[in-house]
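Have a look at the structure below, then the notes.
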Amino acid sequence: MGSQMPTRIVRRTVTRPTRARRGRPRTHREAWTKVSVVMFERQVLELDRLTTAIRSKTGANRTRAEVIRALLDALSESRLDVTSVVSGAQLKRLLSQKLSA
C-alpha cells in the first residue's frame, strides 16, 4: 500500500438570510409540551364563552390554552392542598368552595 494523504476536515458556518418564520409567533418564555386533553363539550363551550367575554370587554384575544394554564398556575400558587382528593367531583367541590369564599 502506498502512502496516504492525511485527511483534512474543513468546517464552515453557513449564514442564511433571516426571513420571517411561518405560522404563529412564539409566545412562550419557558419550556413547553403540547398535550391533548379530552374535555366535555360544555367545558369547551364555557372556555369559548369566557374567551369571548374577555375579548369583548378588554379587546384582548385570549386562547383556551391560556385560560387553562392560568387556572392551573393559580391552583399551584394557591397552596391549596388537593392531595387527599379522590375524584374529579370532589376536586370540583373543593375548588368551588374556595373560589366562592
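Starting from 1 in every chain, residues are counted up; chains themselves are A, B, ... following the order of the C-alpha cells, and ligands are numbered from 1 as listed.
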Could you tell me, as a PDB file with C-alpha atoms, in the first residue's frame, which residues of stretch 25-65 of chain A DSSP assigns to alpha helix (DSSP H) when given the backbone?
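Resulting contents of part26.pdb:
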```pdb
ATOM      1  CA  GLU A  41     -68.471  19.858  25.102  1.00  0.00           C
ATOM      2  CA  ARG A  42     -69.954  22.021  27.869  1.00  0.00           C
ATOM      3  CA  GLN A  43     -66.436  22.732  29.147  1.00  0.00           C
ATOM      4  CA  VAL A  44     -65.201  23.760  25.703  1.00  0.00           C
ATOM      5  CA  LEU A  45     -68.274  25.968  25.298  1.00  0.00           C
ATOM      6  CA  GLU A  46     -67.518  27.580  28.670  1.00  0.00           C
ATOM      7  CA  LEU A  47     -63.907  28.229  27.622  1.00  0.00           C
ATOM      8  CA  ASP A  48     -65.166  29.796  24.396  1.00  0.00           C
ATOM      9  CA  ARG A  49     -67.723  31.891  26.295  1.00  0.00           C
ATOM     10  CA  LEU A  50     -65.027  33.074  28.678  1.00  0.00           C
ATOM     11  CA  THR A  51     -62.507  33.983  25.952  1.00  0.00           C
ATOM     12  CA  THR A  52     -65.236  35.789  24.011  1.00  0.00           C
ATOM     13  CA  ALA A  53     -66.265  37.739  27.120  1.00  0.00           C
ATOM     14  CA  ILE A  54     -62.642  38.731  27.783  1.00  0.00           C
ATOM     15  CA  ARG A  55     -62.239  39.871  24.167  1.00  0.00           C
ATOM     16  CA  SER A  56     -65.469  41.881  24.151  1.00  0.00           C
ATOM     17  CA  LYS A  57     -64.630  43.599  27.456  1.00  0.00           C
ATOM     18  CA  THR A  58     -60.889  44.214  27.015  1.00  0.00           C
ATOM     19  CA  ARG A  64     -58.429  28.421  25.568  1.00  0.00           C
ATOM     20  CA  ALA A  65     -54.932  27.207  26.416  1.00  0.00           C
TER      21      ALA A  65
END
```
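Atom pair atom CA of A:Val37 / atom CA of A:Arg69: separated by 12.7 Å.
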